[in-house]
Amino acid sequence: MPARTCALCNDARAILKRPKTGQQICKECFFYVFETEVHNTITEARLFNRGDRVAIGASGGKDSTVLAHVMKTLNERYDYGLELFLLSIDEGITGYRDDSLETVKRNQQQYDMPLRILSYEELYGWTMDAIVSQVGKKNNCTFCGVFRRQALDRGAAILNVDHIVTGHNADDIAETVLMNIMRGDIARLGRCTSICTQGEDTIKRSKPFKYAYEKEIVMYAYFKKLDYFSTECIYSPDAYRGHARGFLKDLEAARPSAIIDIIHSGEAFEIKEDVKATQKIQQTCKRCGYMSSNELCKACTLLEGLERGLASAAVTDRARKKFDAEGPTPGNMRQIPRFTLPAHIHPSHSAS
């Protein structure tokens, strides 16, 4: 049987089938359509302005490594005029993050971008290894997610950037829609499909891979022979997200368009005005200055729980009452450094 020719160029031999469309295409056409789709996502959402300083959240994994490569490629091809940086967060996970950061350091040389590494220990006085030793593996992802989110903003402020981009892909976003539906989390459901956010995060943050399938990101990294770290986090197997991921994979196997369909469904959700009125208004954490919907931000609450040996209580919505019942906050408790926005960014309390 003769080899199939590429469905796009009708010339070269097709060597892969796109998971997203089912087209059988050649390697060069795959690179071109993948990059062009990301470019279209960026331009249609008007993510950047010429002269922006942009930090790429870099973990060393496939998503962030491909994002760094594609951002550099598109910035040069289409003359975006961006100044690109790599920003890595060291959670302090022995045998996982220390190894992946070595990949990030190689990426720094390969892509010729400045790199800043900020650690949990530097910010919070705790590593994830130490946190897991206290809380176990049941709620550890809650601590890591909250700490990591704030650490990215703090690292971006240190780099004095305008914008953070992360490697969240279509699969990630579809999983989040499913998770928020299963948890009945109306507030997050209303914003989880946004390609760009500002206000809660204080520094503009976006997802250029919003419509890129995880399988295609893996194929891109493989055929481009990119240098990335492929081991999963040793503390994540029990994460709640895993259930949504397994369900989504089953849906994708039966209907490949399910991933994009779920994202479009999430985009179409509208929250009633009376429900919006019950949601908490964003304010500033009185302890560290970061954005919060309560007097204390979640990171400060979690850190206080760790410091007081009440980490499990800190995860709950009633954490403050439990802390108060134990007595006043210890005077020698470690606290998160005060958060300060880059001078050229004005605080915003509304999503953009």
# chains A, B, ... in the order shown; residues from 1 in each chain; ligands from 1
$ select_by_dssp --residues "range 87-315 of chain A" --states "strand (DSSP E or B)" --output "VMD selection string"
chain A and resid 87 to 90 115 to 119 163 to 165 196 to 197 204 to 206 283 to 284 291 to 292
$ closest_residue --among "A:Val218, A:Leu189, A:Ala212, A:Val70" --to "Ala268 in chain A" --atoms "only C-alpha atoms"
A:Leu189
$ select_by_dssp --residues "range 64-277 of chain A" --states "helix (DSSP H, G or I)" --output "compact mmCIF listing (two decimals) with N, CA, C and O atoms, in the first residue's frame"
# COMPACT_ATOMS: atom_id res chain seq x y z
N SER A 64 5.70 23.60 29.47
CA SER A 64 6.44 24.85 29.60
C SER A 64 7.64 24.90 28.66
O SER A 64 8.01 25.97 28.17
N THR A 65 8.25 23.74 28.38
CA THR A 65 9.38 23.71 27.45
C THR A 65 8.92 24.03 26.03
O THR A 65 9.55 24.82 25.32
N VAL A 66 7.81 23.42 25.61
CA VAL A 66 7.26 23.73 24.28
C VAL A 66 6.80 25.18 24.24
O VAL A 66 7.00 25.87 23.24
N LEU A 67 6.20 25.67 25.33
CA LEU A 67 5.76 27.08 25.37
C LEU A 67 6.94 28.02 25.18
O LEU A 67 6.85 28.98 24.40
N ALA A 68 8.04 27.76 25.87
CA ALA A 68 9.22 28.62 25.73
C ALA A 68 9.73 28.60 24.29
O ALA A 68 10.06 29.65 23.71
N HIS A 69 9.79 27.41 23.70
CA HIS A 69 10.26 27.28 22.31
C HIS A 69 9.34 28.01 21.34
O HIS A 69 9.80 28.76 20.46
N VAL A 70 8.02 27.82 21.51
CA VAL A 70 7.05 28.43 20.59
C VAL A 70 7.00 29.95 20.78
O VAL A 70 6.92 30.70 19.81
N MET A 71 7.06 30.41 22.03
CA MET A 71 7.04 31.86 22.28
C MET A 71 8.25 32.53 21.63
O MET A 71 8.14 33.60 21.03
N LYS A 72 9.42 31.91 21.75
CA LYS A 72 10.62 32.46 21.13
C LYS A 72 10.48 32.47 19.61
O LYS A 72 10.79 33.47 18.95
N THR A 73 9.96 31.36 19.06
CA THR A 73 9.78 31.23 17.61
C THR A 73 8.82 32.29 17.07
O THR A 73 9.11 32.98 16.08
N LEU A 74 7.66 32.42 17.72
CA LEU A 74 6.64 33.37 17.25
C LEU A 74 7.07 34.82 17.47
O LEU A 74 6.77 35.69 16.64
N ASN A 75 7.75 35.07 18.57
CA ASN A 75 8.23 36.43 18.84
C ASN A 75 9.17 36.90 17.73
O ASN A 75 9.13 38.07 17.31
N GLU A 76 10.00 35.98 17.23
CA GLU A 76 10.93 36.32 16.15
C GLU A 76 10.24 36.32 14.79
O GLU A 76 10.46 37.22 13.97
N ARG A 77 9.37 35.34 14.55
CA ARG A 77 8.71 35.22 13.23
C ARG A 77 7.75 36.39 12.97
O ARG A 77 7.71 36.93 11.86
N ARG A 97 11.65 18.03 41.65
CA ARG A 97 11.89 19.40 41.21
C ARG A 97 13.36 19.72 41.04
O ARG A 97 13.74 20.45 40.12
N ASP A 98 14.22 19.18 41.88
CA ASP A 98 15.65 19.46 41.74
C ASP A 98 16.15 18.95 40.39
O ASP A 98 16.98 19.59 39.74
N ASP A 99 15.64 17.81 39.94
CA ASP A 99 16.05 17.26 38.63
C ASP A 99 15.45 18.08 37.48
O ASP A 99 16.13 18.36 36.49
N SER A 100 14.18 18.47 37.61
CA SER A 100 13.54 19.22 36.52
C SER A 100 14.15 20.60 36.36
O SER A 100 14.20 21.14 35.25
N LEU A 101 14.64 21.19 37.45
CA LEU A 101 15.28 22.51 37.36
C LEU A 101 16.58 22.45 36.57
O LEU A 101 16.99 23.44 35.96
N GLU A 102 17.22 21.29 36.56
CA GLU A 102 18.42 21.14 35.72
C GLU A 102 18.04 21.25 34.25
O GLU A 102 18.78 21.80 33.43
N THR A 103 16.85 20.74 33.89
CA THR A 103 16.34 20.87 32.52
C THR A 103 16.08 22.34 32.20
O THR A 103 16.42 22.83 31.12
N VAL A 104 15.47 23.06 33.15
CA VAL A 104 15.19 24.49 32.95
C VAL A 104 16.48 25.26 32.72
O VAL A 104 16.55 26.15 31.85
N LYS A 105 17.52 24.91 33.47
CA LYS A 105 18.81 25.61 33.31
C LYS A 105 19.40 25.36 31.92
O LYS A 105 20.02 26.26 31.33
N ARG A 106 19.18 24.15 31.39
CA ARG A 106 19.63 23.88 30.02
C ARG A 106 18.78 24.66 29.02
O ARG A 106 19.29 25.19 28.03
N ASN A 107 17.46 24.75 29.28
CA ASN A 107 16.57 25.54 28.42
C ASN A 107 17.00 27.00 28.38
O ASN A 107 16.91 27.66 27.34
N GLN A 108 17.46 27.50 29.51
CA GLN A 108 17.94 28.88 29.55
C GLN A 108 19.06 29.10 28.53
O GLN A 108 19.07 30.12 27.82
N GLN A 109 19.96 28.14 28.45
CA GLN A 109 21.06 28.25 27.49
C GLN A 109 20.57 28.04 26.06
O GLN A 109 20.97 28.75 25.14
N GLN A 110 19.66 27.07 25.88
CA GLN A 110 19.17 26.75 24.54
C GLN A 110 18.36 27.89 23.93
O GLN A 110 18.43 28.14 22.72
N TYR A 111 17.57 28.59 24.75
CA TYR A 111 16.69 29.63 24.24
C TYR A 111 17.21 31.04 24.50
O TYR A 111 16.58 32.02 24.11
N TYR A 120 10.06 27.87 47.49
CA TYR A 120 9.12 27.92 48.61
C TYR A 120 9.86 28.20 49.91
O TYR A 120 9.37 28.94 50.77
N GLU A 121 11.03 27.59 50.06
CA GLU A 121 11.78 27.79 51.30
C GLU A 121 12.17 29.26 51.46
O GLU A 121 12.11 29.82 52.56
N GLU A 122 12.54 29.89 50.35
CA GLU A 122 12.91 31.31 50.37
C GLU A 122 11.71 32.18 50.73
O GLU A 122 11.83 33.15 51.49
N LEU A 123 10.53 31.85 50.20
CA LEU A 123 9.33 32.66 50.41
C LEU A 123 8.59 32.33 51.70
O LEU A 123 8.15 33.23 52.42
N TYR A 124 8.43 31.03 51.96
CA TYR A 124 7.55 30.60 53.04
C TYR A 124 8.28 29.94 54.21
O TYR A 124 7.67 29.72 55.26
N MET A 128 8.04 21.60 50.09
CA MET A 128 6.92 20.66 49.99
C MET A 128 7.25 19.35 50.69
O MET A 128 6.35 18.70 51.25
N ASP A 129 8.50 18.94 50.70
CA ASP A 129 8.87 17.73 51.44
C ASP A 129 8.51 17.88 52.91
O ASP A 129 7.96 16.97 53.53
N ALA A 130 8.82 19.06 53.47
CA ALA A 130 8.51 19.31 54.89
C ALA A 130 7.01 19.40 55.12
O ALA A 130 6.49 18.91 56.13
N ILE A 131 6.29 20.01 54.17
CA ILE A 131 4.84 20.14 54.30
C ILE A 131 4.18 18.76 54.27
O ILE A 131 3.31 18.45 55.09
N VAL A 132 4.59 17.92 53.31
CA VAL A 132 4.00 16.59 53.20
C VAL A 132 4.30 15.76 54.45
O VAL A 132 3.46 14.96 54.89
N SER A 133 5.47 15.96 55.04
CA SER A 133 5.80 15.22 56.26
C SER A 133 4.85 15.59 57.39
O SER A 133 4.63 14.79 58.31
N GLN A 134 4.25 16.79 57.33
CA GLN A 134 3.31 17.21 58.37
C GLN A 134 1.86 16.91 58.01
O GLN A 134 1.08 16.48 58.86
N VAL A 135 1.47 17.14 56.74
CA VAL A 135 0.05 17.02 56.38
C VAL A 135 -0.28 15.71 55.66
O VAL A 135 -1.46 15.38 55.49
N ASN A 140 -1.97 17.84 50.30
CA ASN A 140 -0.72 18.51 49.95
C ASN A 140 -0.83 19.35 48.68
O ASN A 140 -0.18 20.38 48.56
N CYS A 141 -1.67 18.92 47.72
CA CYS A 141 -1.81 19.68 46.47
C CYS A 141 -2.47 21.04 46.70
O CYS A 141 -2.24 21.99 45.95
N THR A 142 -3.31 21.13 47.77
CA THR A 142 -3.91 22.42 48.12
C THR A 142 -2.82 23.41 48.51
O THR A 142 -2.78 24.55 48.04
N PHE A 143 -1.91 22.98 49.38
CA PHE A 143 -0.79 23.84 49.79
C PHE A 143 0.06 24.24 48.59
O PHE A 143 0.39 25.41 48.42
N CYS A 144 0.42 23.25 47.78
CA CYS A 144 1.32 23.52 46.66
C CYS A 144 0.68 24.46 45.65
O CYS A 144 1.33 25.38 45.15
N GLY A 145 -0.61 24.25 45.35
CA GLY A 145 -1.28 25.10 44.36
C GLY A 145 -1.36 26.55 44.80
O GLY A 145 -1.07 27.47 44.03
N VAL A 146 -1.73 26.76 46.07
CA VAL A 146 -1.85 28.13 46.60
C VAL A 146 -0.47 28.79 46.66
O VAL A 146 -0.30 29.95 46.25
N PHE A 147 0.51 28.07 47.20
CA PHE A 147 1.85 28.63 47.33
C PHE A 147 2.47 28.91 45.96
O PHE A 147 3.14 29.93 45.76
N ARG A 148 2.26 28.01 45.02
CA ARG A 148 2.86 28.18 43.70
C ARG A 148 2.26 29.39 42.96
O ARG A 148 2.98 30.15 42.32
N ARG A 149 0.95 29.53 43.07
CA ARG A 149 0.28 30.64 42.39
C ARG A 149 0.83 31.98 42.87
O ARG A 149 1.14 32.86 42.09
N GLN A 150 0.96 32.11 44.19
CA GLN A 150 1.48 33.37 44.72
C GLN A 150 2.97 33.53 44.42
O GLN A 150 3.44 34.64 44.15
N ALA A 151 3.71 32.43 44.44
CA ALA A 151 5.14 32.49 44.15
C ALA A 151 5.40 32.98 42.72
O ALA A 151 6.35 33.74 42.48
N LEU A 152 4.56 32.56 41.77
CA LEU A 152 4.72 33.04 40.38
C LEU A 152 4.56 34.55 40.31
O LEU A 152 5.33 35.23 39.63
N ASP A 153 3.55 35.08 41.00
CA ASP A 153 3.35 36.53 41.00
C ASP A 153 4.52 37.25 41.66
O ASP A 153 4.96 38.31 41.19
N ARG A 154 5.01 36.69 42.73
CA ARG A 154 6.13 37.33 43.43
C ARG A 154 7.40 37.27 42.59
O ARG A 154 8.17 38.22 42.54
N GLY A 155 7.61 36.15 41.90
CA GLY A 155 8.76 36.05 41.00
C GLY A 155 8.63 37.03 39.84
O GLY A 155 9.62 37.66 39.43
N ALA A 156 7.41 37.18 39.33
CA ALA A 156 7.18 38.12 38.23
C ALA A 156 7.43 39.56 38.69
O ALA A 156 7.97 40.38 37.93
N ALA A 157 7.06 39.86 39.93
CA ALA A 157 7.30 41.21 40.47
C ALA A 157 8.80 41.47 40.60
O ALA A 157 9.28 42.57 40.31
N ILE A 158 9.54 40.44 41.02
CA ILE A 158 11.00 40.58 41.13
C ILE A 158 11.61 40.85 39.75
O ILE A 158 12.52 41.67 39.61
N LEU A 159 11.09 40.17 38.71
CA LEU A 159 11.59 40.36 37.34
C LEU A 159 11.06 41.64 36.71
O LEU A 159 11.48 42.01 35.62
N ALA A 170 -5.31 22.71 26.53
CA ALA A 170 -6.75 22.48 26.43
C ALA A 170 -7.22 21.39 27.38
O ALA A 170 -8.30 21.51 28.00
N ASP A 171 -6.43 20.32 27.52
CA ASP A 171 -6.80 19.25 28.44
C ASP A 171 -6.90 19.77 29.87
O ASP A 171 -7.84 19.44 30.60
N ASP A 172 -5.92 20.59 30.29
CA ASP A 172 -5.92 21.14 31.64
C ASP A 172 -7.18 21.96 31.90
O ASP A 172 -7.81 21.86 32.96
N ILE A 173 -7.55 22.79 30.92
CA ILE A 173 -8.70 23.67 31.10
C ILE A 173 -10.00 22.87 31.12
O ILE A 173 -10.88 23.12 31.95
N ALA A 174 -10.12 21.88 30.24
CA ALA A 174 -11.31 21.02 30.24
C ALA A 174 -11.42 20.27 31.56
O ALA A 174 -12.53 20.13 32.11
N GLU A 175 -10.29 19.78 32.09
CA GLU A 175 -10.30 19.11 33.39
C GLU A 175 -10.80 20.05 34.49
O GLU A 175 -11.58 19.65 35.36
N THR A 176 -10.36 21.31 34.43
CA THR A 176 -10.75 22.28 35.45
C THR A 176 -12.25 22.57 35.38
O THR A 176 -12.91 22.72 36.42
N VAL A 177 -12.80 22.66 34.16
CA VAL A 177 -14.24 22.85 34.01
C VAL A 177 -14.97 21.68 34.69
O VAL A 177 -15.91 21.89 35.48
N LEU A 178 -14.54 20.45 34.41
CA LEU A 178 -15.18 19.27 35.00
C LEU A 178 -15.05 19.27 36.52
O LEU A 178 -16.01 18.97 37.25
N MET A 179 -13.87 19.62 37.03
CA MET A 179 -13.64 19.65 38.48
C MET A 179 -14.56 20.66 39.16
O MET A 179 -15.15 20.37 40.21
N ASN A 180 -14.69 21.84 38.55
CA ASN A 180 -15.52 22.88 39.16
C ASN A 180 -17.00 22.51 39.14
O ASN A 180 -17.75 22.86 40.05
N ILE A 181 -17.41 21.80 38.09
CA ILE A 181 -18.79 21.30 38.04
C ILE A 181 -19.00 20.26 39.14
O ILE A 181 -20.00 20.30 39.87
N MET A 182 -18.06 19.33 39.27
CA MET A 182 -18.20 18.26 40.26
C MET A 182 -18.16 18.80 41.69
O MET A 182 -18.80 18.25 42.58
N ARG A 183 -17.43 19.90 41.91
CA ARG A 183 -17.35 20.49 43.25
C ARG A 183 -18.42 21.54 43.50
O ARG A 183 -18.56 22.03 44.61
N ILE A 186 -19.01 27.57 41.83
CA ILE A 186 -19.56 28.53 40.87
C ILE A 186 -18.59 29.66 40.56
O ILE A 186 -18.43 30.07 39.41
N ALA A 187 -17.90 30.15 41.59
CA ALA A 187 -16.99 31.29 41.38
C ALA A 187 -15.89 30.93 40.39
O ALA A 187 -15.61 31.69 39.46
N ARG A 188 -15.27 29.77 40.58
CA ARG A 188 -14.19 29.38 39.68
C ARG A 188 -14.72 28.95 38.31
O ARG A 188 -14.06 29.17 37.30
N LEU A 189 -15.91 28.35 38.29
CA LEU A 189 -16.49 27.92 37.01
C LEU A 189 -16.70 29.12 36.10
O LEU A 189 -16.55 29.03 34.88
N GLU A 214 -2.99 18.31 24.63
CA GLU A 214 -1.80 17.78 25.29
C GLU A 214 -1.04 16.80 24.39
O GLU A 214 0.19 16.83 24.32
N LYS A 215 -1.76 15.93 23.68
CA LYS A 215 -1.11 14.96 22.80
C LYS A 215 -0.30 15.66 21.72
O LYS A 215 0.77 15.17 21.32
N GLU A 216 -0.79 16.78 21.22
CA GLU A 216 -0.06 17.49 20.16
C GLU A 216 1.16 18.21 20.71
O GLU A 216 2.17 18.34 20.03
N ILE A 217 1.07 18.66 21.96
CA ILE A 217 2.24 19.26 22.61
C ILE A 217 3.34 18.21 22.77
O ILE A 217 4.52 18.48 22.52
N VAL A 218 2.94 17.00 23.18
CA VAL A 218 3.90 15.90 23.31
C VAL A 218 4.52 15.58 21.95
O VAL A 218 5.75 15.39 21.83
N MET A 219 3.70 15.53 20.90
CA MET A 219 4.21 15.23 19.55
C MET A 219 5.16 16.32 19.08
O MET A 219 6.21 16.03 18.48
N TYR A 220 4.82 17.56 19.36
CA TYR A 220 5.67 18.69 18.96
C TYR A 220 7.04 18.56 19.65
O TYR A 220 8.09 18.70 19.00
N ALA A 221 7.02 18.31 20.95
CA ALA A 221 8.28 18.16 21.69
C ALA A 221 9.10 16.99 21.16
O ALA A 221 10.32 17.08 21.03
N TYR A 222 8.42 15.89 20.82
CA TYR A 222 9.12 14.69 20.34
C TYR A 222 9.76 14.94 18.97
O TYR A 222 10.95 14.66 18.77
N PHE A 223 8.99 15.47 18.02
CA PHE A 223 9.52 15.66 16.67
C PHE A 223 10.53 16.81 16.59
O PHE A 223 11.41 16.80 15.74
N LYS A 224 10.41 17.78 17.49
CA LYS A 224 11.39 18.87 17.55
C LYS A 224 12.64 18.48 18.35
O LYS A 224 13.61 19.22 18.41
N ARG A 241 -7.69 16.10 40.85
CA ARG A 241 -7.67 16.34 39.40
C ARG A 241 -7.52 15.04 38.62
O ARG A 241 -8.00 14.94 37.48
N GLY A 242 -6.88 14.06 39.20
CA GLY A 242 -6.66 12.79 38.51
C GLY A 242 -7.96 12.11 38.09
O GLY A 242 -8.02 11.46 37.04
N HIS A 243 -9.01 12.27 38.90
CA HIS A 243 -10.30 11.67 38.56
C HIS A 243 -10.90 12.35 37.32
O HIS A 243 -11.43 11.68 36.43
N ALA A 244 -10.80 13.69 37.30
CA ALA A 244 -11.31 14.43 36.13
C ALA A 244 -10.50 14.09 34.89
O ALA A 244 -11.04 13.96 33.79
N ARG A 245 -9.19 13.90 35.08
CA ARG A 245 -8.32 13.59 33.94
C ARG A 245 -8.66 12.22 33.35
O ARG A 245 -8.76 12.07 32.12
N GLY A 246 -8.89 11.23 34.22
CA GLY A 246 -9.26 9.91 33.74
C GLY A 246 -10.57 9.92 32.98
O GLY A 246 -10.71 9.28 31.92
N PHE A 247 -11.54 10.68 33.49
CA PHE A 247 -12.84 10.79 32.84
C PHE A 247 -12.70 11.47 31.48
O PHE A 247 -13.28 11.02 30.47
N LEU A 248 -11.88 12.54 31.43
CA LEU A 248 -11.69 13.26 30.18
C LEU A 248 -11.02 12.38 29.12
O LEU A 248 -11.38 12.43 27.93
N LYS A 249 -10.05 11.58 29.53
CA LYS A 249 -9.37 10.68 28.58
C LYS A 249 -10.36 9.68 27.97
O LYS A 249 -10.27 9.35 26.79
N ASP A 250 -11.28 9.19 28.81
CA ASP A 250 -12.30 8.27 28.29
C ASP A 250 -13.20 8.97 27.28
O ASP A 250 -13.55 8.40 26.24
N LEU A 251 -13.57 10.21 27.58
CA LEU A 251 -14.40 10.98 26.65
C LEU A 251 -13.65 11.23 25.33
O LEU A 251 -14.22 11.11 24.24
N GLU A 252 -12.36 11.58 25.44
CA GLU A 252 -11.56 11.88 24.25
C GLU A 252 -11.43 10.65 23.36
O GLU A 252 -11.45 10.75 22.13
N ALA A 253 -11.28 9.48 23.99
CA ALA A 253 -11.15 8.24 23.21
C ALA A 253 -12.40 7.98 22.38
O ALA A 253 -12.32 7.49 21.24
N ALA A 254 -13.55 8.32 22.93
CA ALA A 254 -14.81 8.11 22.21
C ALA A 254 -15.10 9.25 21.24
O ALA A 254 -15.70 9.04 20.18
N ALA A 258 -14.20 16.22 22.26
CA ALA A 258 -14.78 16.44 23.60
C ALA A 258 -14.02 17.49 24.39
O ALA A 258 -14.63 18.28 25.13
N ILE A 259 -12.70 17.54 24.22
CA ILE A 259 -11.88 18.50 24.99
C ILE A 259 -12.27 19.93 24.65
O ILE A 259 -12.57 20.75 25.54
N ILE A 260 -12.28 20.25 23.36
CA ILE A 260 -12.66 21.60 22.93
C ILE A 260 -14.13 21.87 23.23
O ILE A 260 -14.51 22.98 23.63
N ASP A 261 -14.99 20.85 23.07
CA ASP A 261 -16.42 21.03 23.34
C ASP A 261 -16.65 21.43 24.80
O ASP A 261 -17.49 22.30 25.09
N ILE A 262 -15.92 20.80 25.72
CA ILE A 262 -16.07 21.12 27.15
C ILE A 262 -15.60 22.55 27.42
O ILE A 262 -16.24 23.30 28.18
N ILE A 263 -14.50 22.97 26.78
CA ILE A 263 -14.02 24.35 26.95
C ILE A 263 -15.07 25.34 26.45
O ILE A 263 -15.39 26.33 27.13
N HIS A 264 -15.63 25.08 25.26
CA HIS A 264 -16.66 25.97 24.73
C HIS A 264 -17.90 25.99 25.63
O HIS A 264 -18.53 27.04 25.79
N SER A 265 -18.23 24.86 26.21
CA SER A 265 -19.35 24.83 27.15
C SER A 265 -19.06 25.70 28.37
O SER A 265 -19.92 26.45 28.84
N GLY A 266 -17.81 25.59 28.88
CA GLY A 266 -17.41 26.42 30.01
C GLY A 266 -17.47 27.90 29.68
O GLY A 266 -17.87 28.73 30.51
N GLU A 267 -17.07 28.24 28.46
CA GLU A 267 -17.10 29.64 28.03
C GLU A 267 -18.53 30.18 27.96
O GLU A 267 -18.77 31.37 28.14
N ALA A 268 -19.48 29.27 27.70
CA ALA A 268 -20.87 29.68 27.51
C ALA A 268 -21.64 29.82 28.82
O ALA A 268 -22.74 30.38 28.84
N GLU A 273 -26.86 37.14 38.21
CA GLU A 273 -26.44 38.34 38.94
C GLU A 273 -26.62 38.15 40.45
O GLU A 273 -25.80 38.63 41.24
N ASP A 274 -27.71 37.47 40.86
CA ASP A 274 -27.92 37.28 42.30
C ASP A 274 -26.88 36.34 42.91
O ASP A 274 -26.55 36.44 44.09
N VAL A 275 -26.32 35.43 42.07
CA VAL A 275 -25.24 34.57 42.54
C VAL A 275 -23.94 35.37 42.63
O VAL A 275 -23.19 35.25 43.60
N LYS A 276 -23.70 36.21 41.63
CA LYS A 276 -22.51 37.06 41.65
C LYS A 276 -22.50 37.94 42.90
O LYS A 276 -21.45 38.19 43.49
$ residues_around --residues "Gly167 in chain A" --least-positions-apart "2" --cutoff "7 Å" --atoms "only C-alpha atoms" --output "mmCIF file with N, CA, C and O atoms, in the first residue's frame"
data_model
loop_
_atom_site.group_PDB
_atom_site.id
_atom_site.type_symbol
_atom_site.label_atom_id
_atom_site.label_comp_id
_atom_site.auth_asym_id
_atom_site.auth_seq_id
_atom_site.Cartn_x
_atom_site.Cartn_y
_atom_site.Cartn_z
ATOM 1 N N ASP A 63 4.992 20.921 28.673
ATOM 2 C CA ASP A 63 4.174 22.084 28.343
ATOM 3 C C ASP A 63 4.980 23.377 28.386
ATOM 4 O O ASP A 63 4.946 24.174 27.450
ATOM 5 N N SER A 64 5.700 23.598 29.475
ATOM 6 C CA SER A 64 6.441 24.854 29.603
ATOM 7 C C SER A 64 7.645 24.902 28.662
ATOM 8 O O SER A 64 8.012 25.974 28.171
ATOM 9 N N LEU A 67 6.199 25.674 25.334
ATOM 10 C CA LEU A 67 5.757 27.075 25.369
ATOM 11 C C LEU A 67 6.938 28.021 25.180
ATOM 12 O O LEU A 67 6.851 28.983 24.402
ATOM 13 N N VAL A 165 3.010 34.042 31.306
ATOM 14 C CA VAL A 165 2.332 33.038 30.486
ATOM 15 C C VAL A 165 2.648 31.659 31.056
ATOM 16 O O VAL A 165 3.774 31.402 31.495
ATOM 17 N N ASN A 169 -2.770 23.711 29.006
ATOM 18 C CA ASN A 169 -3.267 23.367 27.679
ATOM 19 C C ASN A 169 -4.766 23.086 27.698
ATOM 20 O O ASN A 169 -5.421 23.211 28.746
ATOM 21 N N LYS A 207 -2.840 32.062 28.988
ATOM 22 C CA LYS A 207 -2.595 30.677 28.580
ATOM 23 C C LYS A 207 -2.597 30.590 27.051
ATOM 24 O O LYS A 207 -3.634 30.291 26.449
ATOM 25 N N PHE A 209 -1.657 28.302 25.204
ATOM 26 C CA PHE A 209 -1.979 26.937 24.768
ATOM 27 C C PHE A 209 -3.420 26.548 25.100
ATOM 28 O O PHE A 209 -3.749 25.360 25.158
#
$ closest_residue --among "A:Gly95, A:Leu302, A:Ser194, A:Gly125" --to "Thr316 in chain A" --atoms "only C-alpha atoms"
A:Leu302
